[in-house]
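structure39.cif follows (mmCIF, C-alpha atoms):
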data_structure
#
loop_
_atom_site.label_atom_id
_atom_site.label_comp_id
_atom_site.auth_asym_id
_atom_site.auth_seq_id
_atom_site.Cartn_x
_atom_site.Cartn_y
_atom_site.Cartn_z
CA MET A 27 0.00 0.00 0.00
CA TYR A 28 1.24 3.47 -0.88
CA GLN A 29 1.94 5.65 2.15
CA ARG A 30 1.91 9.43 2.05
CA VAL A 31 5.18 11.32 2.31
CA LEU A 32 4.67 13.14 5.61
CA PHE A 33 5.08 16.91 5.64
CA GLY A 34 6.23 16.99 9.26
CA ARG A 35 5.82 20.76 9.27
CA CYS A 36 3.47 23.34 7.83
CA PRO A 37 3.91 23.59 4.04
CA LEU A 38 3.23 27.35 4.24
CA CYS A 39 5.07 28.66 7.31
CA ASP A 40 7.42 25.74 8.08
CA SER A 41 6.24 25.46 11.69
CA ARG A 42 6.35 22.11 13.47
CA SER A 43 3.54 23.16 15.82
CA LEU A 44 0.81 20.96 14.37
CA VAL A 45 -2.35 19.39 15.76
CA ASP A 46 -4.58 16.70 14.29
CA SER A 47 -7.78 18.08 12.77
CA VAL A 48 -10.04 15.71 10.78
CA ALA A 49 -9.85 12.10 9.63
CA ALA A 50 -12.00 11.29 6.60
CA ASP A 51 -12.75 8.39 4.26
CA CYS A 52 -11.53 8.92 0.68
CA SER A 53 -12.34 5.40 -0.56
CA LYS A 54 -15.50 6.59 -2.33
CA HIS A 55 -13.56 9.04 -4.51
CA PRO A 56 -13.81 8.07 -8.21
CA LEU A 57 -10.01 8.02 -8.56
CA TYR A 58 -9.44 5.94 -5.42
CA HIS A 59 -7.34 2.80 -5.77
CA ARG A 60 -7.06 0.07 -3.16
CA SER A 61 -3.27 0.52 -3.14
CA ILE A 62 -3.84 3.90 -1.46
CA GLY A 63 -4.87 4.14 2.18
CA PRO A 64 -8.60 4.90 2.59
CA VAL A 65 -8.17 7.45 5.40
CA MET A 66 -7.18 11.07 4.85
CA ARG A 67 -5.77 12.70 7.98
CA TRP A 68 -5.78 16.47 8.19
CA GLN A 69 -3.64 18.68 10.41
CA ARG A 70 -3.79 22.31 11.46
CA CYS A 71 -0.81 24.59 11.98
CA ILE A 72 -0.99 26.32 15.36
CA GLU A 73 1.28 29.14 14.15
CA CYS A 74 -0.51 30.23 10.96
CA GLY A 75 -3.82 28.36 11.08
CA HIS A 76 -3.37 26.52 7.77
CA VAL A 77 -5.13 23.15 7.36
CA PHE A 78 -3.53 20.43 5.24
CA THR A 79 -3.22 16.67 4.88
CA GLU A 80 -0.53 14.96 6.94
CA GLY A 81 1.42 14.24 3.77
CA HIS A 82 1.44 14.18 -0.01
CA PHE A 83 1.50 11.25 -2.40
CA SER A 84 4.76 9.87 -3.77
CA ASP A 85 5.52 10.11 -7.49
CA GLU A 86 4.52 6.47 -7.88
CA ALA A 87 1.16 7.01 -6.19
CA CYS A 88 0.53 10.13 -8.28
CA LYS A 89 1.15 8.15 -11.47
CA LEU A 90 -1.47 5.66 -10.33
CA ILE A 91 -4.03 8.36 -9.52
CA TYR A 92 -3.42 10.43 -12.65
CA SER A 93 -3.37 7.39 -14.95
CA ARG A 94 -7.14 7.83 -15.12
CA THR A 95 -9.02 10.89 -16.31
CA LEU A 96 -12.60 11.54 -15.25
CA ALA A 97 -15.03 12.51 -18.01
CA HIS A 98 -15.35 16.15 -16.92
CA GLN A 99 -11.53 16.47 -16.94
CA GLU A 100 -11.13 15.42 -20.56
CA VAL A 101 -10.29 18.06 -23.17
CA GLY A 102 -13.44 19.16 -24.95
CA HIS A 103 -15.90 17.76 -22.40
CA GLY A 104 -19.04 19.92 -22.21
CA ALA A 105 -17.36 22.55 -24.37
CA GLU A 106 -20.55 24.42 -25.22
CA GLN A 107 -22.03 24.38 -21.71
CA ASN A 108 -18.74 25.22 -19.98
CA ARG A 109 -18.13 28.12 -22.37
CA VAL A 110 -20.72 30.23 -20.54
CA VAL A 111 -19.19 29.74 -17.09
CA SER A 112 -15.71 30.31 -18.52
CA SER A 113 -16.84 33.56 -20.13
CA ARG A 114 -17.99 34.91 -16.77
CA MET A 115 -14.60 34.06 -15.27
CA ILE A 116 -12.80 35.86 -18.08
CA GLU A 117 -15.00 38.93 -17.85
CA LYS A 118 -13.93 39.33 -14.22
CA VAL A 119 -10.31 39.47 -15.42
CA LEU A 120 -10.88 41.93 -18.28
CA PRO A 121 -10.68 45.11 -16.13
CA TYR A 122 -7.10 44.09 -15.27
CA ALA A 123 -5.90 42.46 -18.53
CA ALA A 124 -7.51 42.60 -21.97
CA GLY A 125 -5.02 40.66 -24.09
CA GLY A 126 -1.69 38.84 -24.19
CA ILE A 127 -0.79 35.30 -23.14
CA TRP A 128 -3.24 33.48 -20.88
CA LEU A 129 -1.56 30.50 -19.21
CA ASP A 130 -3.99 28.07 -17.55
CA VAL A 131 -2.47 25.68 -15.01
CA GLY A 132 -4.46 22.46 -14.70
CA PHE A 133 -6.51 23.17 -17.82
CA GLY A 134 -8.59 19.97 -17.57
CA ASN A 135 -11.33 20.07 -20.22
CA GLY A 136 -9.74 23.17 -21.77
CA SER A 137 -12.86 25.33 -21.61
CA LEU A 138 -11.17 28.32 -19.97
CA LEU A 139 -8.45 28.39 -22.63
CA PHE A 140 -10.88 27.91 -25.52
CA THR A 141 -12.95 30.82 -24.26
CA ALA A 142 -9.95 33.03 -23.46
CA GLU A 143 -8.88 32.62 -27.08
CA GLU A 144 -12.30 33.87 -28.19
CA TYR A 145 -11.70 36.99 -26.13
CA GLY A 146 -8.41 37.68 -27.90
CA PHE A 147 -5.90 36.06 -25.53
CA GLU A 148 -3.14 33.72 -26.68
CA PRO A 149 -3.79 30.42 -24.83
CA ILE A 150 -1.15 28.16 -23.29
CA GLY A 151 -1.96 25.20 -21.05
CA VAL A 152 -0.31 23.09 -18.34
CA ASP A 153 -1.79 19.81 -17.10
CA LEU A 154 -0.40 16.72 -15.35
CA ARG A 155 -2.37 14.32 -17.50
CA ALA A 156 -0.38 13.34 -20.60
CA ASP A 157 -3.48 12.56 -22.69
CA ASN A 158 -4.86 16.04 -22.08
CA VAL A 159 -1.57 17.64 -23.09
CA LEU A 160 -1.57 15.71 -26.37
CA LYS A 161 -5.23 16.51 -27.10
CA LEU A 162 -4.82 20.22 -26.45
CA ALA A 163 -1.69 20.35 -28.61
CA SER A 164 -3.60 18.59 -31.40
CA LEU A 165 -6.00 21.58 -31.37
CA GLY A 166 -3.12 23.96 -32.03
CA ILE A 167 -2.68 25.22 -28.46
CA GLN A 168 0.70 25.06 -26.73
CA ALA A 169 0.52 22.55 -23.88
CA TYR A 170 2.99 21.34 -21.26
CA ASP A 171 2.92 18.71 -18.52
CA ARG A 172 4.35 20.96 -15.81
CA LEU A 173 4.98 24.61 -15.06
CA SER A 174 8.74 24.16 -15.14
CA SER A 175 8.48 23.09 -18.80
CA VAL A 176 7.03 26.44 -19.93
CA PRO A 177 9.85 28.36 -21.70
CA GLU A 178 11.35 31.13 -19.58
CA ALA A 179 10.88 33.57 -22.47
CA VAL A 180 7.09 33.32 -22.11
CA GLU A 181 5.67 36.45 -20.48
CA CYS A 182 2.04 36.08 -19.44
CA ALA A 183 -0.66 38.69 -19.02
CA VAL A 184 -2.73 36.17 -17.03
CA VAL A 185 -1.93 32.98 -15.15
CA SER A 186 -5.00 31.07 -13.99
CA MET A 187 -5.02 28.37 -11.33
CA ALA A 188 -8.68 27.40 -11.23
CA ASP A 189 -9.06 24.79 -8.47
CA VAL A 190 -5.36 23.96 -8.61
CA LEU A 191 -3.42 25.43 -5.67
CA GLU A 192 -5.02 23.03 -3.20
CA HIS A 193 -3.64 20.14 -5.30
CA MET A 194 -0.02 21.29 -4.98
CA PRO A 195 1.98 19.77 -2.09
CA TYR A 196 3.90 23.02 -1.70
CA PRO A 197 1.72 25.94 -2.86
CA LYS A 198 4.54 28.48 -2.55
CA GLU A 199 6.41 26.72 -5.36
CA GLY A 200 3.43 27.10 -7.70
CA LEU A 201 2.93 30.76 -6.78
CA ARG A 202 6.64 31.48 -7.23
CA ALA A 203 6.53 29.90 -10.70
CA ALA A 204 3.42 31.90 -11.64
CA HIS A 205 5.07 35.10 -10.40
CA GLY A 206 8.11 34.45 -12.59
CA LEU A 207 5.98 33.88 -15.70
CA LEU A 208 3.81 36.97 -15.26
CA ALA A 209 4.60 40.37 -16.73
CA ASP A 210 4.77 43.34 -14.37
CA GLN A 211 1.24 44.04 -13.12
CA GLY A 212 0.21 40.65 -14.53
CA VAL A 213 -2.97 38.97 -13.29
CA LEU A 214 -3.26 35.82 -11.21
CA PHE A 215 -6.74 34.24 -11.29
CA MET A 216 -7.48 31.57 -8.69
CA SER A 217 -10.42 29.53 -7.46
CA MET A 218 -10.69 26.95 -4.68
CA PRO A 219 -12.96 25.94 -1.79
CA ASN A 220 -13.36 28.57 0.93
CA SER A 221 -13.17 26.91 4.35
CA GLU A 222 -14.20 30.18 6.04
CA SER A 223 -17.57 30.36 4.30
CA ALA A 224 -20.80 29.78 6.21
CA VAL A 225 -21.77 27.05 3.74
CA TRP A 226 -18.57 25.13 4.56
CA LYS A 227 -19.38 25.32 8.27
CA LEU A 228 -22.95 24.14 7.68
CA LEU A 229 -21.69 21.16 5.68
CA ASP A 230 -19.30 20.36 8.53
CA ARG A 231 -22.11 20.55 11.06
CA LYS A 232 -24.14 18.05 9.02
CA ASN A 233 -21.04 15.88 8.49
CA VAL A 234 -21.49 16.00 4.69
CA ASN A 235 -18.55 18.22 3.66
CA PRO A 236 -17.11 16.49 0.54
CA TYR A 237 -13.73 18.21 0.70
CA TRP A 238 -12.36 16.31 3.69
CA GLY A 239 -12.40 13.17 1.53
CA GLU A 240 -11.23 14.83 -1.70
CA LEU A 241 -8.40 12.49 -2.69
CA GLU A 242 -6.55 14.98 -4.92
CA HIS A 243 -6.51 17.83 -2.38
CA TYR A 244 -3.71 18.54 0.08
CA HIS A 245 -4.92 21.89 1.44
CA ASN A 246 -8.06 23.67 2.65
CA PHE A 247 -7.75 27.45 2.37
CA GLY A 248 -9.86 30.17 3.85
CA ARG A 249 -9.92 33.61 2.28
CA SER A 250 -7.83 35.23 5.02
CA ARG A 251 -5.01 32.65 4.93
CA LEU A 252 -4.95 32.71 1.13
CA TYR A 253 -4.67 36.51 1.09
CA ARG A 254 -1.74 36.42 3.52
CA LEU A 255 0.00 33.84 1.37
CA LEU A 256 -0.55 35.83 -1.83
CA ARG A 257 0.90 39.00 -0.29
CA GLU A 258 3.89 37.07 1.01
CA MET A 259 4.53 35.73 -2.51
CA GLY A 260 4.43 39.13 -4.24
CA PHE A 261 0.74 39.46 -5.18
CA GLU A 262 -1.95 41.91 -4.11
CA PRO A 263 -5.53 40.57 -4.07
CA VAL A 264 -7.87 43.02 -5.82
CA ARG A 265 -11.14 41.11 -6.27
CA TYR A 266 -13.06 38.41 -4.42
CA GLY A 267 -16.00 36.49 -5.87
CA ILE A 268 -18.01 33.27 -5.73
CA SER A 269 -17.03 30.49 -8.11
CA GLU A 270 -19.64 28.71 -10.23
CA ARG A 271 -17.42 25.74 -11.08
CA TYR A 272 -17.64 23.72 -7.87
CA ARG A 273 -19.41 23.78 -4.52
CA VAL A 274 -18.41 26.25 -1.77
CA CYS A 275 -15.65 27.78 -3.90
CA MET A 276 -14.23 31.29 -4.07
CA GLU A 277 -12.56 33.20 -6.89
CA VAL A 278 -9.70 35.59 -6.23
CA ILE A 279 -7.94 37.93 -8.63
CA ALA A 280 -4.51 39.21 -7.59
CA ILE A 281 -1.98 41.49 -9.29
CA LYS A 282 1.78 40.92 -9.39
CA ARG A 283 3.26 43.69 -7.26
CA GLY A 284 6.44 42.83 -5.42
CA ARG A 285 8.82 39.91 -5.29
CA PRO A 286 8.42 36.62 -3.46
CA PRO A 287 10.84 35.94 -0.60
CA ALA A 288 14.18 34.34 -1.41
CA LEU A 289 14.42 30.56 -1.16
#

Take the structure in the file and give it back as structure tokens.
Amino acid sequence: MYQRVLFGRCPLCDSRSLVDSVAADCSKHPLYHRSIGPVMRWQRCIECGHVFTEGHFSDEACKLIYSRTLAHQEVGHGAEQNRVVSSRMIEKVLPYAAGGIWLDVGFGNGSLLFTAEEYGFEPIGVDLRADNVLKLASLGIQAYDRLSSVPEAVECAVVSMADVLEHMPYPKEGLRAAHGLLADQGVLFMSMPNSESAVWKLLDRKNVNPYWGELEHYHNFGRSRLYRLLREMGFEPVRYGISERYRVCMEVIAIKRGRPPAL
């Protein structure tokens, strides 16, 4: 059975002051495999308040999980229906960026990139799933399997991480990479579940919150902790909104301002 690689300290602030938070069953997740333990254990950092799983999957376990692609994650799935939701996301960005390269990290079905191209942006995609990378490239859109593969010469007007940051074992690494790819005053668009929302708390009270058993997630962010992280990494949040993509999710737009701290 694959065991998680334990963090041992907070992935955001590096503190070792951790307490156990929630234990949840992830065996009902559609990507679950019996070689992966069925229990997800969450911890909370006493120093900064961040909530995260006790560890992340090894490369071997990730290959097993990402060897399958759910229907809604396949390039082109629901293209016409998803176009409307994607357009509303893009229109929230337009006051801050109206053209240039739009890099979507974790592009999934590709809807956000397809729609961004309609609005005049040049689309580029990054996704862990090899089949999706090949399919997007076959449609004439540059696609890569990881952020580090994007050429350094690429300068983006927008980097989107729609329901992505919570999947990254070390979110600071993803934000640092996005910062480096963005032009000055470039736009970072993000969405993810908001653990500070009243709806989240109501789901917890009823013991029906689906995110504690979300196999692919390593982090649960609230708005306040996310904003502190963004500012630490050289971004200034300028807009908050409610996401239509998934339940209990927020959307945040931030502008590249300063520089992230040195490694």

Legend entry - Expansion of the PyMOL selection byres ((chain A and resi 213-217) around 8) into residues, as a ChimeraX atom specification: /A:119,122-123,183-191,204,208,211-212,218-219,269,275-282

Inset, instruction - Find the residue from A:Gly284, A:Pro177, A:Pro37, A:Gly239 that sits nearest to Leu129 (chain A); use all atoms listed in the file when measuring. - result: A:Pro177

Inset, instruction - May I ask which of the residues A:Gly134, A:Gly260, A:Pro287, A:Pro236 is the closest one to Val274 (chain A), counting only C-alpha atoms? - result: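 Ranked by minimum distance to Val274 (chain A), first place goes to A:Pro236.
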
Inset, instruction - Evaluate the PyMOL selection byres ((chain A and resi 128) around 9) here and jot the selected residues down as a ChimeraX atom specification. - result: /A:125-127,129-130,139,142-143,147-151,182-186

Can you spit out the residues from that selection as a PDB file, keeping the file's coordinate frame, using C-alpha atoms?
ATOM      1  CA  GLY A 125      -5.020  40.660 -24.090  1.00  0.00           C
ATOM      2  CA  GLY A 126      -1.690  38.840 -24.190  1.00  0.00           C
ATOM      3  CA  ILE A 127      -0.790  35.300 -23.140  1.00  0.00           C
ATOM      4  CA  LEU A 129      -1.560  30.500 -19.210  1.00  0.00           C
ATOM      5  CA  ASP A 130      -3.990  28.070 -17.550  1.00  0.00           C
ATOM      6  CA  LEU A 139      -8.450  28.390 -22.630  1.00  0.00           C
ATOM      7  CA  ALA A 142      -9.950  33.030 -23.460  1.00  0.00           C
ATOM      8  CA  GLU A 143      -8.880  32.620 -27.080  1.00  0.00           C
ATOM      9  CA  PHE A 147      -5.900  36.060 -25.530  1.00  0.00           C
ATOM     10  CA  GLU A 148      -3.140  33.720 -26.680  1.00  0.00           C
ATOM     11  CA  PRO A 149      -3.790  30.420 -24.830  1.00  0.00           C
ATOM     12  CA  ILE A 150      -1.150  28.160 -23.290  1.00  0.00           C
ATOM     13  CA  GLY A 151      -1.960  25.200 -21.050  1.00  0.00           C
ATOM     14  CA  CYS A 182       2.040  36.080 -19.440  1.00  0.00           C
ATOM     15  CA  ALA A 183      -0.660  38.690 -19.020  1.00  0.00           C
ATOM     16  CA  VAL A 184      -2.730  36.170 -17.030  1.00  0.00           C
ATOM     17  CA  VAL A 185      -1.930  32.980 -15.150  1.00  0.00           C
ATOM     18  CA  SER A 186      -5.000  31.070 -13.990  1.00  0.00           C
TER      19      SER A 186
END

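Nearest-residue note for Leu32 (chain A): choosing from A:Glu262, A:Glu222, A:Glu80, A:Glu106, the minimum distance belongs to A:Glu80, counting all atoms listed in the file.
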
Inset, instruction - For each of A:Pro197, A:Gly146, A:Gly136, A:Gly206, take the minimum atom-to-atom distance to Ala163 (chain A), counting all atoms listed in the file, then give the residue where this is smallest. - result: A:Gly136

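Nearest-residue note for Pro56 (chain A): choosing from A:Cys71, A:Val77, A:Asp40, A:Glu242, the minimum distance belongs to A:Glu242, counting only C-alpha atoms.
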
Inset, instruction - Please write as a PyMOL selection string the full residue list that the PyMOL selection byres ((chain A and resi 50) around 12) yields on this file. - result: chain A and resi 46-49+51-55+63-69+79+230+233-241

Inset, instruction - Considering only C-alpha atoms, state which residue in the set A:Glu192, A:Phe261, A:Met27, A:Leu207 is at the smallest distance from Ala179 (chain A). - result: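 Residue with the minimum atom-to-atom distance to Ala179 (chain A): A:Leu207.
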
Legend entry - Expected answer as a PyMOL selection string: all residues with atoms within 12 Å of (-8.9, 36.3, 4.4), all atoms listed in the file: chain A and resi 75-76+220-223+247-257+263+265-266+276+278

Legend entry - Surrounding residues of region 92-103 of chain A excluding itself and chain neighbours under 2 positions, 7 Å, all atoms listed in the file, as JSON, numbers by chain: {"A": [88, 89, 90, 105, 134, 135, 136, 155, 158, 161, 162]}

Produce the centre coordinates and the three edge lengths, each in Å to one decimal, of the box along x, y and z that contains all listed atoms of region 179-197 of chain A with 5 Å added on each side, as lines of an AutoDock Vina configuration file.
center_x = 0.9
center_y = 29.2
center_z = -12.1
size_x = 29.9
size_y = 28.9
size_z = 30.8

Inset, instruction - Would you work out the distance separating CA of Pro195 (chain A) from CA of Phe83 (chain A), expressed in Å to one decimal? - result: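 CA of Phe83 (chain A) lies at a distance of 8.5 Å from CA of Pro195 (chain A).
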
Inset, instruction - One decimal, Å: what's the distance from CA of Glu117 (chain A) over to CA of Ala209 (chain A), could you say? - result: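 Spanning CA of Glu117 (chain A) to CA of Ala209 (chain A) is a straight-line distance of 19.7 Å.
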
Inset, instruction - To one decimal in Å, tell me the separation between CA of Thr141 (chain A) and CA of Arg114 (chain A). - result: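 A separation of 9.9 Å between them.
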